[in-house]
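Novice: This is the content of coords_18.csv (CSV, C-alpha atoms):
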```csv
chain,number,residue,atom,x,y,z
A,1,MET,CA,-0.7,-17.8,21.1
A,2,ARG,CA,1.7,-17.1,24.0
A,3,HIS,CA,2.7,-13.6,25.2
A,4,LEU,CA,5.0,-12.0,22.7
A,5,GLU,CA,7.4,-9.1,23.0
A,6,LEU,CA,7.5,-7.2,19.7
A,7,GLY,CA,10.1,-4.7,18.7
A,8,PHE,CA,9.7,-2.1,16.0
A,9,ILE,CA,12.6,-0.2,14.3
A,10,GLY,CA,10.6,2.8,13.1
A,11,PHE,CA,6.9,3.1,13.7
A,12,GLY,CA,5.0,4.7,10.9
A,13,LEU,CA,1.9,3.8,8.9
A,14,ILE,CA,2.6,0.1,8.5
A,15,GLY,CA,4.3,-0.6,11.9
A,16,GLY,CA,1.6,1.4,13.7
A,17,SER,CA,-1.2,-0.4,11.8
A,18,ILE,CA,0.3,-3.8,12.6
A,19,ALA,CA,0.5,-3.0,16.3
A,20,ARG,CA,-3.0,-1.5,16.4
A,21,SER,CA,-4.6,-4.4,14.6
A,22,LEU,CA,-2.9,-7.0,16.9
A,23,LYS,CA,-4.0,-5.2,20.0
A,24,LYS,CA,-7.5,-4.7,18.6
A,25,ASN,CA,-7.7,-8.4,17.9
A,26,GLY,CA,-6.8,-9.3,21.5
A,27,MET,CA,-3.2,-10.4,21.1
A,28,ASP,CA,-1.2,-10.7,24.3
A,29,ILE,CA,1.8,-8.5,23.2
A,30,THR,CA,4.2,-5.9,24.4
A,31,VAL,CA,5.2,-3.3,21.9
A,32,LYS,CA,8.7,-1.7,22.1
A,33,VAL,CA,9.5,1.0,19.5
A,34,TYR,CA,12.8,2.5,18.6
A,35,THR,CA,12.9,6.0,17.2
A,36,ARG,CA,15.9,8.3,16.5
A,37,ARG,CA,14.3,11.4,18.0
A,38,LYS,CA,11.4,12.5,20.1
A,39,ASN,CA,8.1,12.4,18.2
A,40,PRO,CA,4.9,13.8,19.7
A,41,GLN,CA,2.9,11.3,17.6
A,42,LEU,CA,4.7,8.4,19.1
A,43,GLU,CA,4.4,9.8,22.6
A,44,LYS,CA,0.7,9.9,21.9
A,45,GLY,CA,0.9,6.3,20.9
A,46,VAL,CA,2.2,5.5,24.4
A,47,LYS,CA,-0.7,7.4,26.0
A,48,GLU,CA,-3.1,5.4,23.7
A,49,GLY,CA,-1.7,2.1,24.9
A,50,ILE,CA,-0.4,1.1,21.5
A,51,ILE,CA,3.2,1.6,22.4
A,52,ASP,CA,4.3,0.0,25.7
A,53,GLU,CA,7.9,1.3,25.6
A,54,LEU,CA,9.5,4.0,23.6
A,55,LEU,CA,13.3,3.7,23.1
A,56,TYR,CA,16.0,6.0,21.7
A,57,GLU,CA,18.8,3.4,21.6
A,58,ILE,CA,19.1,-0.1,20.2
A,59,ASP,CA,20.4,-1.8,23.3
A,60,HIS,CA,19.6,-4.6,25.8
A,61,HIS,CA,16.0,-3.5,25.9
A,62,PHE,CA,15.6,-5.5,22.6
A,63,SER,CA,17.1,-8.6,24.1
A,64,THR,CA,13.8,-9.9,25.3
A,65,CYS,CA,12.0,-9.4,22.0
A,66,ASP,CA,10.5,-12.5,20.3
A,67,VAL,CA,9.9,-10.7,17.0
A,68,ILE,CA,11.5,-7.4,15.6
A,69,PHE,CA,9.9,-5.6,12.7
A,70,LEU,CA,12.2,-3.5,10.6
A,71,CYS,CA,10.0,-0.6,9.4
A,72,ALA,CA,12.6,1.9,8.1
A,73,PRO,CA,12.9,2.8,4.4
A,74,VAL,CA,13.9,-0.1,2.1
A,75,LEU,CA,17.6,0.8,1.8
A,76,LYS,CA,17.9,1.7,5.5
A,77,ASN,CA,16.6,-1.5,7.1
A,78,ALA,CA,19.8,-3.5,6.5
A,79,GLU,CA,21.8,-0.9,8.3
A,80,PHE,CA,20.2,-2.1,11.6
A,81,PHE,CA,21.5,-5.7,11.3
A,82,PRO,CA,25.0,-4.9,12.8
A,83,LEU,CA,23.3,-3.0,15.7
A,84,LEU,CA,20.8,-5.7,16.4
A,85,LYS,CA,23.1,-8.7,16.1
A,86,PRO,CA,24.9,-8.2,19.5
A,87,VAL,CA,21.7,-7.6,21.5
A,88,ILE,CA,19.0,-9.9,20.2
A,89,SER,CA,18.4,-13.4,21.7
A,90,PRO,CA,19.2,-16.5,19.7
A,91,SER,CA,15.5,-17.2,19.3
A,92,CYS,CA,14.5,-13.7,18.1
A,93,ILE,CA,12.8,-13.5,14.7
A,94,LEU,CA,13.7,-10.6,12.5
A,95,THR,CA,11.4,-9.4,9.7
A,96,ASP,CA,10.7,-6.3,7.7
A,97,VAL,CA,7.7,-4.7,5.9
A,98,GLY,CA,9.4,-3.4,2.7
A,99,SER,CA,8.3,-4.0,-0.8
A,100,VAL,CA,11.6,-5.4,-2.0
A,101,LYS,CA,12.8,-8.7,-0.6
A,102,GLY,CA,15.9,-10.0,-2.4
A,103,SER,CA,18.3,-7.4,-1.3
A,104,ILE,CA,17.2,-7.4,2.4
A,105,CYS,CA,17.4,-11.3,2.5
A,106,ASP,CA,20.9,-11.1,1.0
A,107,ALA,CA,22.0,-8.5,3.5
A,108,ALA,CA,20.7,-10.6,6.4
A,109,ARG,CA,22.8,-13.6,5.3
A,110,GLU,CA,25.9,-11.4,4.8
A,111,ALA,CA,25.4,-10.1,8.4
A,112,GLY,CA,25.2,-13.7,9.7
A,113,LEU,CA,21.5,-13.3,10.5
A,114,GLY,CA,20.1,-15.4,7.7
A,115,PRO,CA,18.5,-18.1,9.9
A,116,ARG,CA,16.9,-15.4,12.1
A,117,PHE,CA,15.5,-13.2,9.2
A,118,ILE,CA,12.2,-13.8,7.4
A,119,GLY,CA,11.2,-11.2,4.8
A,120,GLY,CA,7.7,-9.7,5.1
A,121,HIS,CA,5.6,-7.4,3.0
A,122,PRO,CA,2.1,-6.3,4.1
A,123,MET,CA,0.6,-5.3,0.7
A,124,ALA,CA,-1.4,-2.4,2.1
A,125,GLY,CA,-0.8,1.3,2.3
A,126,SER,CA,-2.1,4.8,2.0
A,127,GLU,CA,-1.2,8.0,0.3
A,128,LYS,CA,-0.6,9.3,3.8
A,129,THR,CA,2.3,8.3,6.0
A,130,GLY,CA,3.3,8.3,9.7
A,131,TYR,CA,2.0,6.7,12.8
A,132,GLU,CA,-0.8,9.3,13.0
A,133,ASN,CA,-2.4,7.8,9.9
A,134,SER,CA,-2.1,4.2,11.0
A,135,THR,CA,-5.4,2.3,11.6
A,136,ASP,CA,-6.4,-1.0,13.1
A,137,THR,CA,-8.1,-2.0,9.8
A,138,LEU,CA,-5.4,-1.1,7.2
A,139,LEU,CA,-4.3,-4.7,6.9
A,140,GLU,CA,-7.7,-6.4,6.9
A,141,ASN,CA,-8.0,-8.7,3.9
A,142,ALA,CA,-4.7,-7.4,2.5
A,143,TYR,CA,-2.1,-9.9,1.3
A,144,TYR,CA,0.8,-10.3,3.8
A,145,LEU,CA,3.6,-11.9,1.9
A,146,LEU,CA,6.4,-13.8,3.7
A,147,THR,CA,9.6,-14.8,2.0
A,148,PRO,CA,11.5,-17.3,4.2
A,149,CYS,CA,14.8,-18.9,3.2
A,150,GLU,CA,15.9,-22.5,3.4
A,151,ASP,CA,17.8,-22.0,6.7
A,152,ASN,CA,14.7,-20.5,8.5
A,153,ALA,CA,13.3,-22.8,11.2
A,154,PRO,CA,9.8,-24.0,10.3
A,155,GLU,CA,8.5,-23.1,13.7
A,156,ASP,CA,9.7,-19.5,13.2
A,157,VAL,CA,7.9,-19.3,9.9
A,158,ALA,CA,4.8,-20.7,11.6
A,159,THR,CA,5.0,-18.1,14.4
A,160,LEU,CA,5.3,-15.2,12.0
A,161,ARG,CA,2.6,-16.5,9.8
A,162,GLU,CA,0.2,-16.8,12.7
A,163,LEU,CA,1.1,-13.3,13.9
A,164,ALA,CA,0.5,-11.9,10.4
A,165,GLY,CA,-2.8,-13.6,10.3
A,166,HIS,CA,-3.9,-11.9,13.6
A,167,THR,CA,-3.6,-8.6,11.8
A,168,GLY,CA,-6.6,-9.6,9.6
A,169,ALA,CA,-4.4,-10.1,6.6
A,170,ASN,CA,-4.2,-13.1,4.3
A,171,CYS,CA,-0.7,-14.5,4.7
A,172,VAL,CA,1.0,-16.1,1.6
A,173,ILE,CA,4.5,-17.6,1.5
A,174,ILE,CA,6.6,-17.2,-1.7
A,175,SER,CA,10.2,-16.9,-2.5
A,176,ALA,CA,12.0,-13.6,-2.4
A,177,ALA,CA,12.8,-13.7,-6.1
A,178,GLU,CA,9.2,-14.4,-7.1
A,179,HIS,CA,8.1,-11.6,-4.7
A,180,ASP,CA,10.3,-9.1,-6.4
A,181,ARG,CA,9.3,-10.2,-9.9
A,182,ILE,CA,5.6,-9.8,-9.0
A,183,THR,CA,5.9,-6.5,-7.3
A,184,ALA,CA,8.0,-5.1,-10.1
A,185,ALA,CA,5.3,-6.0,-12.6
A,186,ILE,CA,2.1,-5.0,-10.6
A,187,SER,CA,3.5,-2.1,-8.5
A,188,HIS,CA,7.0,-0.8,-9.2
A,189,VAL,CA,6.8,-0.4,-13.0
A,190,PRO,CA,3.2,1.0,-12.9
A,191,HIS,CA,4.4,3.7,-10.5
A,192,ILE,CA,7.3,4.6,-12.9
A,193,ILE,CA,4.9,4.7,-15.8
A,194,ALA,CA,2.5,6.9,-13.9
A,195,VAL,CA,5.3,9.3,-13.1
A,196,SER,CA,6.4,9.3,-16.7
A,197,LEU,CA,2.9,10.1,-18.0
A,198,VAL,CA,2.6,13.0,-15.6
A,199,ASN,CA,6.0,14.4,-16.6
A,200,MET,CA,5.2,13.9,-20.3
A,201,VAL,CA,2.1,16.1,-19.9
A,202,ARG,CA,4.0,18.6,-17.6
A,203,GLN,CA,6.8,19.0,-20.1
A,204,ASN,CA,4.4,19.4,-23.1
A,205,ASP,CA,1.8,21.6,-21.6
A,206,ASN,CA,1.5,25.2,-22.8
A,207,ASP,CA,1.8,28.4,-20.8
A,208,GLU,CA,-1.9,28.4,-20.1
A,209,GLU,CA,-1.6,24.9,-18.8
A,210,ASN,CA,-4.6,23.6,-20.8
A,211,MET,CA,-3.5,20.0,-20.5
A,212,LYS,CA,-3.7,20.3,-16.7
A,213,ALA,CA,-7.0,22.1,-16.9
A,214,PHE,CA,-8.6,19.4,-19.0
A,215,ALA,CA,-7.0,16.4,-17.3
A,216,ALA,CA,-10.1,14.4,-16.4
A,217,GLY,CA,-11.1,11.2,-14.8
A,218,GLY,CA,-9.1,8.8,-17.0
A,219,PHE,CA,-5.8,10.6,-16.6
A,220,ARG,CA,-6.2,11.2,-12.9
A,221,ASP,CA,-7.1,7.6,-12.3
A,222,ILE,CA,-4.1,6.1,-14.0
A,223,THR,CA,-1.7,8.6,-12.5
A,224,ARG,CA,-2.9,8.9,-8.9
A,225,ILE,CA,0.0,6.8,-7.7
A,226,ALA,CA,2.5,9.3,-9.1
A,227,SER,CA,1.9,11.3,-6.0
A,228,SER,CA,3.7,8.7,-3.8
A,229,SER,CA,6.7,9.5,-1.7
A,230,PRO,CA,9.8,10.3,-3.9
A,231,ALA,CA,12.2,9.1,-1.2
A,232,MET,CA,10.5,5.8,-0.8
A,233,TRP,CA,10.3,5.1,-4.5
A,234,GLN,CA,13.9,6.1,-5.3
A,235,ASP,CA,14.9,3.4,-2.8
A,236,ILE,CA,12.6,0.8,-4.3
A,237,CYS,CA,13.9,1.5,-7.8
A,238,ILE,CA,17.5,0.9,-6.7
A,239,ALA,CA,16.7,-2.1,-4.5
A,240,ASN,CA,14.6,-4.0,-7.2
A,241,GLU,CA,16.7,-2.8,-10.2
A,242,LYS,CA,16.9,-6.2,-11.9
A,243,SER,CA,13.2,-7.0,-12.0
A,244,ILE,CA,12.2,-3.4,-12.7
A,245,ASN,CA,14.5,-3.2,-15.7
A,246,HIS,CA,13.1,-6.5,-17.0
A,247,PHE,CA,9.5,-5.3,-17.0
A,248,LEU,CA,10.4,-1.9,-18.2
A,249,SER,CA,12.0,-3.6,-21.2
A,250,CYS,CA,8.7,-5.6,-21.7
A,251,PHE,CA,6.7,-2.4,-21.5
A,252,GLU,CA,8.9,-0.7,-24.0
A,253,GLY,CA,8.3,-3.6,-26.4
A,254,GLN,CA,4.5,-3.2,-25.9
A,255,LEU,CA,4.8,0.5,-26.8
A,256,ARG,CA,6.9,-0.2,-29.9
A,257,GLN,CA,4.3,-2.7,-31.0
A,258,PHE,CA,1.5,-0.1,-30.6
A,259,ARG,CA,3.5,2.5,-32.4
A,260,GLN,CA,4.0,0.2,-35.3
A,261,MET,CA,0.3,-0.9,-35.5
A,262,ILE,CA,-0.8,2.8,-35.4
A,263,SER,CA,1.7,3.8,-38.1
A,264,GLU,CA,0.5,0.9,-40.3
A,265,GLY,CA,-3.2,1.5,-39.6
A,266,ASN,CA,-3.5,-2.0,-38.3
A,267,ILE,CA,-7.1,-1.7,-37.0
A,268,THR,CA,-7.4,-5.4,-36.2
A,269,GLY,CA,-4.2,-5.6,-34.2
A,270,ILE,CA,-5.1,-2.5,-32.2
A,271,SER,CA,-8.6,-3.9,-31.5
A,272,GLU,CA,-7.2,-7.2,-30.4
A,273,GLU,CA,-4.8,-5.6,-28.0
A,274,PHE,CA,-7.5,-3.5,-26.4
A,275,GLN,CA,-9.8,-6.5,-26.2
A,276,ALA,CA,-7.2,-8.8,-24.6
A,277,ALA,CA,-6.3,-6.1,-22.1
A,278,GLY,CA,-9.9,-5.5,-21.2
A,279,ASP,CA,-10.7,-9.2,-20.8
A,280,TYR,CA,-7.7,-9.6,-18.4
A,281,ARG,CA,-8.4,-6.4,-16.5
A,282,ASN,CA,-12.1,-7.4,-16.0
A,283,SER,CA,-11.0,-10.8,-14.6
A,284,ILE,CA,-9.2,-9.1,-11.7
A,285,PRO,CA,-11.3,-9.2,-8.5
A,286,ALA,CA,-12.9,-5.8,-7.9
A,287,LYS,CA,-12.2,-5.7,-4.2
A,288,LYS,CA,-8.5,-6.4,-3.9
A,289,SER,CA,-5.7,-5.2,-1.6
A,290,GLY,CA,-2.2,-4.6,-2.7
A,291,VAL,CA,0.7,-2.1,-2.5
A,292,ILE,CA,-1.8,0.5,-3.6
A,293,ALA,CA,-4.2,1.4,-0.8
A,294,ARG,CA,-7.5,-0.4,-0.7
A,295,SER,CA,-10.3,2.0,-1.7
A,296,TYR,CA,-14.0,1.6,-1.0
A,297,GLU,CA,-15.7,3.9,-3.5
A,298,ILE,CA,-19.2,4.9,-4.6
A,299,PHE,CA,-19.9,6.9,-7.7
A,300,ILE,CA,-23.2,8.8,-7.7
A,301,ASN,CA,-25.1,10.8,-10.3
A,302,ILE,CA,-26.5,14.0,-8.6
A,303,ASP,CA,-28.3,17.1,-9.8
A,304,ASP,CA,-26.3,20.3,-10.3
A,305,ARG,CA,-28.1,22.2,-7.6
A,306,THR,CA,-27.2,24.0,-4.3
A,307,GLY,CA,-27.0,21.6,-1.4
A,308,ALA,CA,-26.9,18.4,-3.4
A,309,ILE,CA,-23.6,17.2,-1.9
A,310,ALA,CA,-24.6,18.4,1.6
A,311,THR,CA,-27.8,16.3,1.3
A,312,VAL,CA,-25.8,13.1,0.5
A,313,ALA,CA,-23.3,13.8,3.3
A,314,THR,CA,-26.2,14.4,5.8
A,315,ILE,CA,-27.9,11.1,4.9
A,316,LEU,CA,-24.7,9.2,5.6
A,317,SER,CA,-23.8,11.2,8.7
A,318,VAL,CA,-27.2,10.7,10.5
A,319,ASN,CA,-26.8,6.9,9.9
A,320,GLY,CA,-23.3,6.9,11.5
A,321,ILE,CA,-21.3,6.5,8.2
A,322,SER,CA,-18.1,8.6,8.0
A,323,ILE,CA,-16.8,9.7,4.6
A,324,LYS,CA,-13.1,9.4,4.1
A,325,ASN,CA,-12.9,11.5,1.0
A,326,ILE,CA,-15.3,13.2,-1.4
A,327,GLY,CA,-14.8,14.6,-4.9
A,328,ILE,CA,-16.5,15.9,-8.0
A,329,ILE,CA,-15.5,14.9,-11.5
A,330,HIS,CA,-15.8,18.3,-13.1
A,331,ASN,CA,-14.2,17.5,-16.5
A,332,ARG,CA,-15.5,13.9,-16.9
A,333,GLU,CA,-14.7,11.5,-19.6
A,334,PHE,CA,-17.4,9.1,-18.3
A,335,ALA,CA,-21.1,9.8,-18.7
A,336,ASP,CA,-21.9,8.7,-15.2
A,337,GLY,CA,-20.8,9.0,-11.6
A,338,VAL,CA,-20.0,12.7,-11.1
A,339,LEU,CA,-19.8,12.4,-7.3
A,340,ARG,CA,-17.1,10.2,-5.8
A,341,LEU,CA,-17.3,9.0,-2.2
A,342,GLU,CA,-14.5,7.1,-0.5
A,343,LEU,CA,-15.4,5.2,2.6
A,344,TYR,CA,-13.1,3.8,5.3
A,345,ARG,CA,-14.4,0.2,5.3
A,346,GLU,CA,-16.1,-2.2,2.9
A,347,GLU,CA,-19.1,-2.5,5.2
A,348,ASP,CA,-19.5,1.3,5.3
A,349,ALA,CA,-19.5,1.4,1.5
A,350,ALA,CA,-22.2,-1.3,1.3
A,351,ALA,CA,-24.4,0.4,3.9
A,352,ALA,CA,-24.0,3.8,2.2
A,353,GLU,CA,-24.9,2.3,-1.2
A,354,THR,CA,-28.1,0.8,0.3
A,355,LEU,CA,-29.1,4.0,2.0
A,356,LEU,CA,-28.5,6.1,-1.1
A,357,ARG,CA,-30.4,3.7,-3.3
A,358,HIS,CA,-33.3,3.8,-0.8
A,359,ASN,CA,-33.2,7.6,-1.2
A,360,ARG,CA,-33.5,7.2,-4.9
A,361,TYR,CA,-29.9,8.1,-5.8
A,362,ASP,CA,-28.5,6.7,-9.0
A,363,ILE,CA,-25.4,4.6,-8.0
A,364,VAL,CA,-23.0,3.9,-10.9
A,365,GLU,CA,-21.3,0.5,-11.0
A,366,ARG,CA,-17.6,0.8,-12.1
A,367,ASP,CA,-14.9,-1.8,-12.4
```
Step by step, read the file and then write its structure as structure tokens.

Specialist:
Amino acid sequence: MRHLELGFIGFGLIGGSIARSLKKNGMDITVKVYTRRKNPQLEKGVKEGIIDELLYEIDHHFSTCDVIFLCAPVLKNAEFFPLLKPVISPSCILTDVGSVKGSICDAAREAGLGPRFIGGHPMAGSEKTGYENSTDTLLENAYYLLTPCEDNAPEDVATLRELAGHTGANCVIISAAEHDRITAAISHVPHIIAVSLVNMVRQNDNDEENMKAFAAGGFRDITRIASSSPAMWQDICIANEKSINHFLSCFEGQLRQFRQMISEGNITGISEEFQAAGDYRNSIPAKKSGVIARSYEIFINIDDRTGAIATVATILSVNGISIKNIGIIHNREFADGVLRLELYREEDAAAAETLLRHNRYDIVERD
């Protein structure tokens, strides 16, 4: 691929990870980053060689860019169209990294930039934000969705698809409408449900906070995503209002059906619902990337003795395996897997599992 000048409007977790992965994979690129104010982390990015030029104005410096990534919050990205339109070249490709595509595609057309804009959504992330948490592996094996319109030139779509592929992601092309429908069902509504569950418990807990004290693995697992950025999710809810409302209505229907079956003592109906959900859930590939961050986890049964966790950590450390996160399931609903290890990479998880089994640790398989 020829040398490309890439512009980034905003440079946080996703933008930083895109640039890092492209440079790691040997792409011949120049990275220009616009930021509103001085940021020590971005200045560090310049020293690291990830950022080639740090800019504080959207001006002629962007006129030589081949591709510009809009990495601001979902509702803010469209505000940059009027600023970019007078300065970009006629061949420049505009794209974004947000999780809602219909509204940004409409805004690009309204700004007279429809032929230049191709929606993009790297389906990867982390509970952490900012350039300082970006990595050159975040997008590996993740889905990178592109949502071109009919007036986009095929060669522009091909360029962006090739560029996305060089991040290590699996690039898929779908329509903006289908994208928003899918993400509403598998990401946006689940986030809303998780928030609602946590608030239900919060509002009904007693003064001693017994519900919080006894909240165990199951509750924590299904509500983890409730800790996501409120600012980001308020934008998503507004931007994808139509699809979110559709699937919230579907979910309300599911809840009404469950309430009726429970009230009627419909054992067969309840069992069939659990069975159908279990069958579908088990058919989802275990190692999958999405809007929710990829997680390479190992669950281990260990003895309740002094130094047990330190021993596990030492075994991995002396073999060059870094632990991203570690936790104990104190109040467990499961019989097995009281020690949870999260690793940075899939190959680290595989190597750690082999080492621990070799040292006679009981590794618990979970879906």

Novice: Skip region 181-193 of chain A itself and residues of its chain fewer than 5 positions away, then list as a PyMOL selection string all residues within 8 Å of it, counting all atoms listed in the file.

Specialist: chain A and resi 99-100+225-226+236-237+240+243-244+247-248+291-292

Novice: Sorted by chain and rising residue number, list the residues of region 226-311 of chain A at most 9 Å from region 62-85 of chain A (counting all atoms listed in the file), each with its closest atom pair and distance in Å to one decimal, as JSON lines.

Specialist:
```
{"residue": "A:Ala231", "atom": "CA", "partner": "A:Pro73", "partner_atom": "CA", "distance": 8.5}
{"residue": "A:Met232", "atom": "CA", "partner": "A:Pro73", "partner_atom": "CA", "distance": 6.5}
{"residue": "A:Asp235", "atom": "CA", "partner": "A:Leu75", "partner_atom": "CA", "distance": 5.9}
{"residue": "A:Ile236", "atom": "CA", "partner": "A:Val74", "partner_atom": "CA", "distance": 6.6}
{"residue": "A:Ile238", "atom": "CA", "partner": "A:Leu75", "partner_atom": "CA", "distance": 8.5}
{"residue": "A:Ala239", "atom": "CA", "partner": "A:Leu75", "partner_atom": "CA", "distance": 7.0}
```

Novice: What's the 10 Å shell around Thr159 (chain A), counting only C-alpha atoms, without same-chain residues fewer than 5 positions away, as a list in words?

Specialist: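 Answer for this query is Met1, Asp66, Val67, Ile93, Pro154, Ala164 and Gly165 of chain A.
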
Novice: For Asp28 (chain A), which of A:Glu5, A:Asp279, A:Glu155, A:Glu342 is the closest residue, counting only C-alpha atoms?

Specialist: A:Glu5

Novice: Counting all atoms listed in the file, what is within 9 Å of region 121-129 of chain A, bar same-chain residues fewer than 2 positions away, as a count of residues only?

Specialist: 36

Novice: What does the structure give for the distance between CA of Thr167 (chain A) and CA of Thr137 (chain A), in Å to one decimal?

Specialist: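 Taking CA of Thr167 (chain A) as the start and CA of Thr137 (chain A) as the end point, the length is 8.2 Å.
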
Novice: CA of Pro148 (chain A) and CA of Val172 (chain A), how far apart in Å?

Specialist: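 So the answer is 10.9 Å.
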
Novice: Considering all atoms listed in the file, return as number ranges by chain whatever protein or nucleic-acid residues lie within 6 Å of region 338-340 of chain A, sequence-local ones (same chain, fewer than 2 positions apart) excluded.

Specialist: A: 298-301, 326-329

Novice: Measuring between only C-alpha atoms, which one of A:Leu54, A:Val195, A:Ile262, A:Ala308 shows the shortest distance to Trp233 (chain A)?

Specialist: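 Closest residue, counting only C-alpha atoms: A:Val195.
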
Novice: Kindly give the distance, in Å, that separates CA of Gln275 (chain A) and CA of Asn204 (chain A), rounded to a single decimal.

Specialist: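 According to the coordinates, CA of Gln275 (chain A) and CA of Asn204 (chain A) are separated by 29.7 Å.
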
Novice: For Thr223 (chain A), which residue out of A:Thr306, A:Glu297, A:Arg2, A:Leu197 is the nearest one, using all atoms listed in the file?

Specialist: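 Answer, going by the shortest atom-to-atom distance: A:Leu197.
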
Novice: Considering only C-alpha atoms, state which residue in the set A:Lys242, A:His358, A:Arg202, A:Lys324 is at the smallest distance from Leu343 (chain A).

Specialist: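 The closest residue to Leu343 (chain A) is A:Lys324.
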
Novice: Using only C-alpha atoms and a cutoff of 10 Å, can you tell me which residues are near (18.8, -21.4, 3.3) in the file's coordinates, and write them out as a list in words?

Specialist: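 Within 10 Å of (18.8, -21.4, 3.3), the protein and nucleic acid residues are Arg109, Gly114, Pro115, Pro148, Cys149, Glu150, Asp151, Asn152 and Ala153 of chain A.
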
Novice: Once N, CA, C and O atoms are restored for region 165-178 of chain A, what would the output be as a PDB file, keeping the file's coordinate frame?

Specialist:
```
ATOM      1  N   GLY A 165      -1.423 -13.336  10.471  1.00  0.00           N
ATOM      2  CA  GLY A 165      -2.800 -13.600  10.300  1.00  0.00           C
ATOM      3  C   GLY A 165      -3.697 -12.897  11.344  1.00  0.00           C
ATOM      4  O   GLY A 165      -4.840 -12.531  11.051  1.00  0.00           O
ATOM      5  N   HIS A 166      -3.147 -12.623  12.532  1.00  0.00           N
ATOM      6  CA  HIS A 166      -3.900 -11.900  13.600  1.00  0.00           C
ATOM      7  C   HIS A 166      -4.061 -10.426  13.253  1.00  0.00           C
ATOM      8  O   HIS A 166      -4.781  -9.730  13.973  1.00  0.00           O
ATOM      9  N   THR A 167      -3.414  -9.931  12.192  1.00  0.00           N
ATOM     10  CA  THR A 167      -3.600  -8.600  11.800  1.00  0.00           C
ATOM     11  C   THR A 167      -4.901  -8.452  10.899  1.00  0.00           C
ATOM     12  O   THR A 167      -5.328  -7.344  10.561  1.00  0.00           O
ATOM     13  N   GLY A 168      -5.457  -9.595  10.518  1.00  0.00           N
ATOM     14  CA  GLY A 168      -6.600  -9.600   9.600  1.00  0.00           C
ATOM     15  C   GLY A 168      -6.194  -9.795   8.163  1.00  0.00           C
ATOM     16  O   GLY A 168      -7.044  -9.828   7.275  1.00  0.00           O
ATOM     17  N   ALA A 169      -4.877  -9.921   7.922  1.00  0.00           N
ATOM     18  CA  ALA A 169      -4.400 -10.100   6.600  1.00  0.00           C
ATOM     19  C   ALA A 169      -4.389 -11.543   6.133  1.00  0.00           C
ATOM     20  O   ALA A 169      -4.486 -12.446   6.964  1.00  0.00           O
ATOM     21  N   ASN A 170      -4.300 -11.756   4.824  1.00  0.00           N
ATOM     22  CA  ASN A 170      -4.200 -13.100   4.300  1.00  0.00           C
ATOM     23  C   ASN A 170      -2.711 -13.388   3.998  1.00  0.00           C
ATOM     24  O   ASN A 170      -2.101 -12.785   3.107  1.00  0.00           O
ATOM     25  N   CYS A 171      -2.134 -14.274   4.780  1.00  0.00           N
ATOM     26  CA  CYS A 171      -0.700 -14.500   4.700  1.00  0.00           C
ATOM     27  C   CYS A 171      -0.387 -15.553   3.600  1.00  0.00           C
ATOM     28  O   CYS A 171      -1.015 -16.616   3.526  1.00  0.00           O
ATOM     29  N   VAL A 172       0.578 -15.211   2.748  1.00  0.00           N
ATOM     30  CA  VAL A 172       1.000 -16.100   1.600  1.00  0.00           C
ATOM     31  C   VAL A 172       2.524 -16.188   1.690  1.00  0.00           C
ATOM     32  O   VAL A 172       3.220 -15.193   1.887  1.00  0.00           O
ATOM     33  N   ILE A 173       3.030 -17.401   1.505  1.00  0.00           N
ATOM     34  CA  ILE A 173       4.500 -17.600   1.500  1.00  0.00           C
ATOM     35  C   ILE A 173       4.965 -17.857   0.087  1.00  0.00           C
ATOM     36  O   ILE A 173       4.452 -18.730  -0.625  1.00  0.00           O
ATOM     37  N   ILE A 174       5.941 -17.047  -0.342  1.00  0.00           N
ATOM     38  CA  ILE A 174       6.600 -17.200  -1.700  1.00  0.00           C
ATOM     39  C   ILE A 174       8.054 -16.930  -1.527  1.00  0.00           C
ATOM     40  O   ILE A 174       8.524 -16.487  -0.483  1.00  0.00           O
ATOM     41  N   SER A 175       8.802 -17.177  -2.585  1.00  0.00           N
ATOM     42  CA  SER A 175      10.200 -16.900  -2.500  1.00  0.00           C
ATOM     43  C   SER A 175      10.496 -15.420  -2.719  1.00  0.00           C
ATOM     44  O   SER A 175       9.669 -14.683  -3.267  1.00  0.00           O
ATOM     45  N   ALA A 176      11.668 -14.984  -2.261  1.00  0.00           N
ATOM     46  CA  ALA A 176      12.000 -13.600  -2.400  1.00  0.00           C
ATOM     47  C   ALA A 176      12.129 -13.172  -3.870  1.00  0.00           C
ATOM     48  O   ALA A 176      11.699 -12.077  -4.255  1.00  0.00           O
ATOM     49  N   ALA A 177      12.667 -14.054  -4.699  1.00  0.00           N
ATOM     50  CA  ALA A 177      12.800 -13.700  -6.100  1.00  0.00           C
ATOM     51  C   ALA A 177      11.451 -13.579  -6.794  1.00  0.00           C
ATOM     52  O   ALA A 177      11.231 -12.651  -7.590  1.00  0.00           O
ATOM     53  N   GLU A 178      10.515 -14.481  -6.468  1.00  0.00           N
ATOM     54  CA  GLU A 178       9.200 -14.400  -7.100  1.00  0.00           C
ATOM     55  C   GLU A 178       8.457 -13.146  -6.551  1.00  0.00           C
ATOM     56  O   GLU A 178       7.734 -12.478  -7.293  1.00  0.00           O
TER      57      GLU A 178
END
```
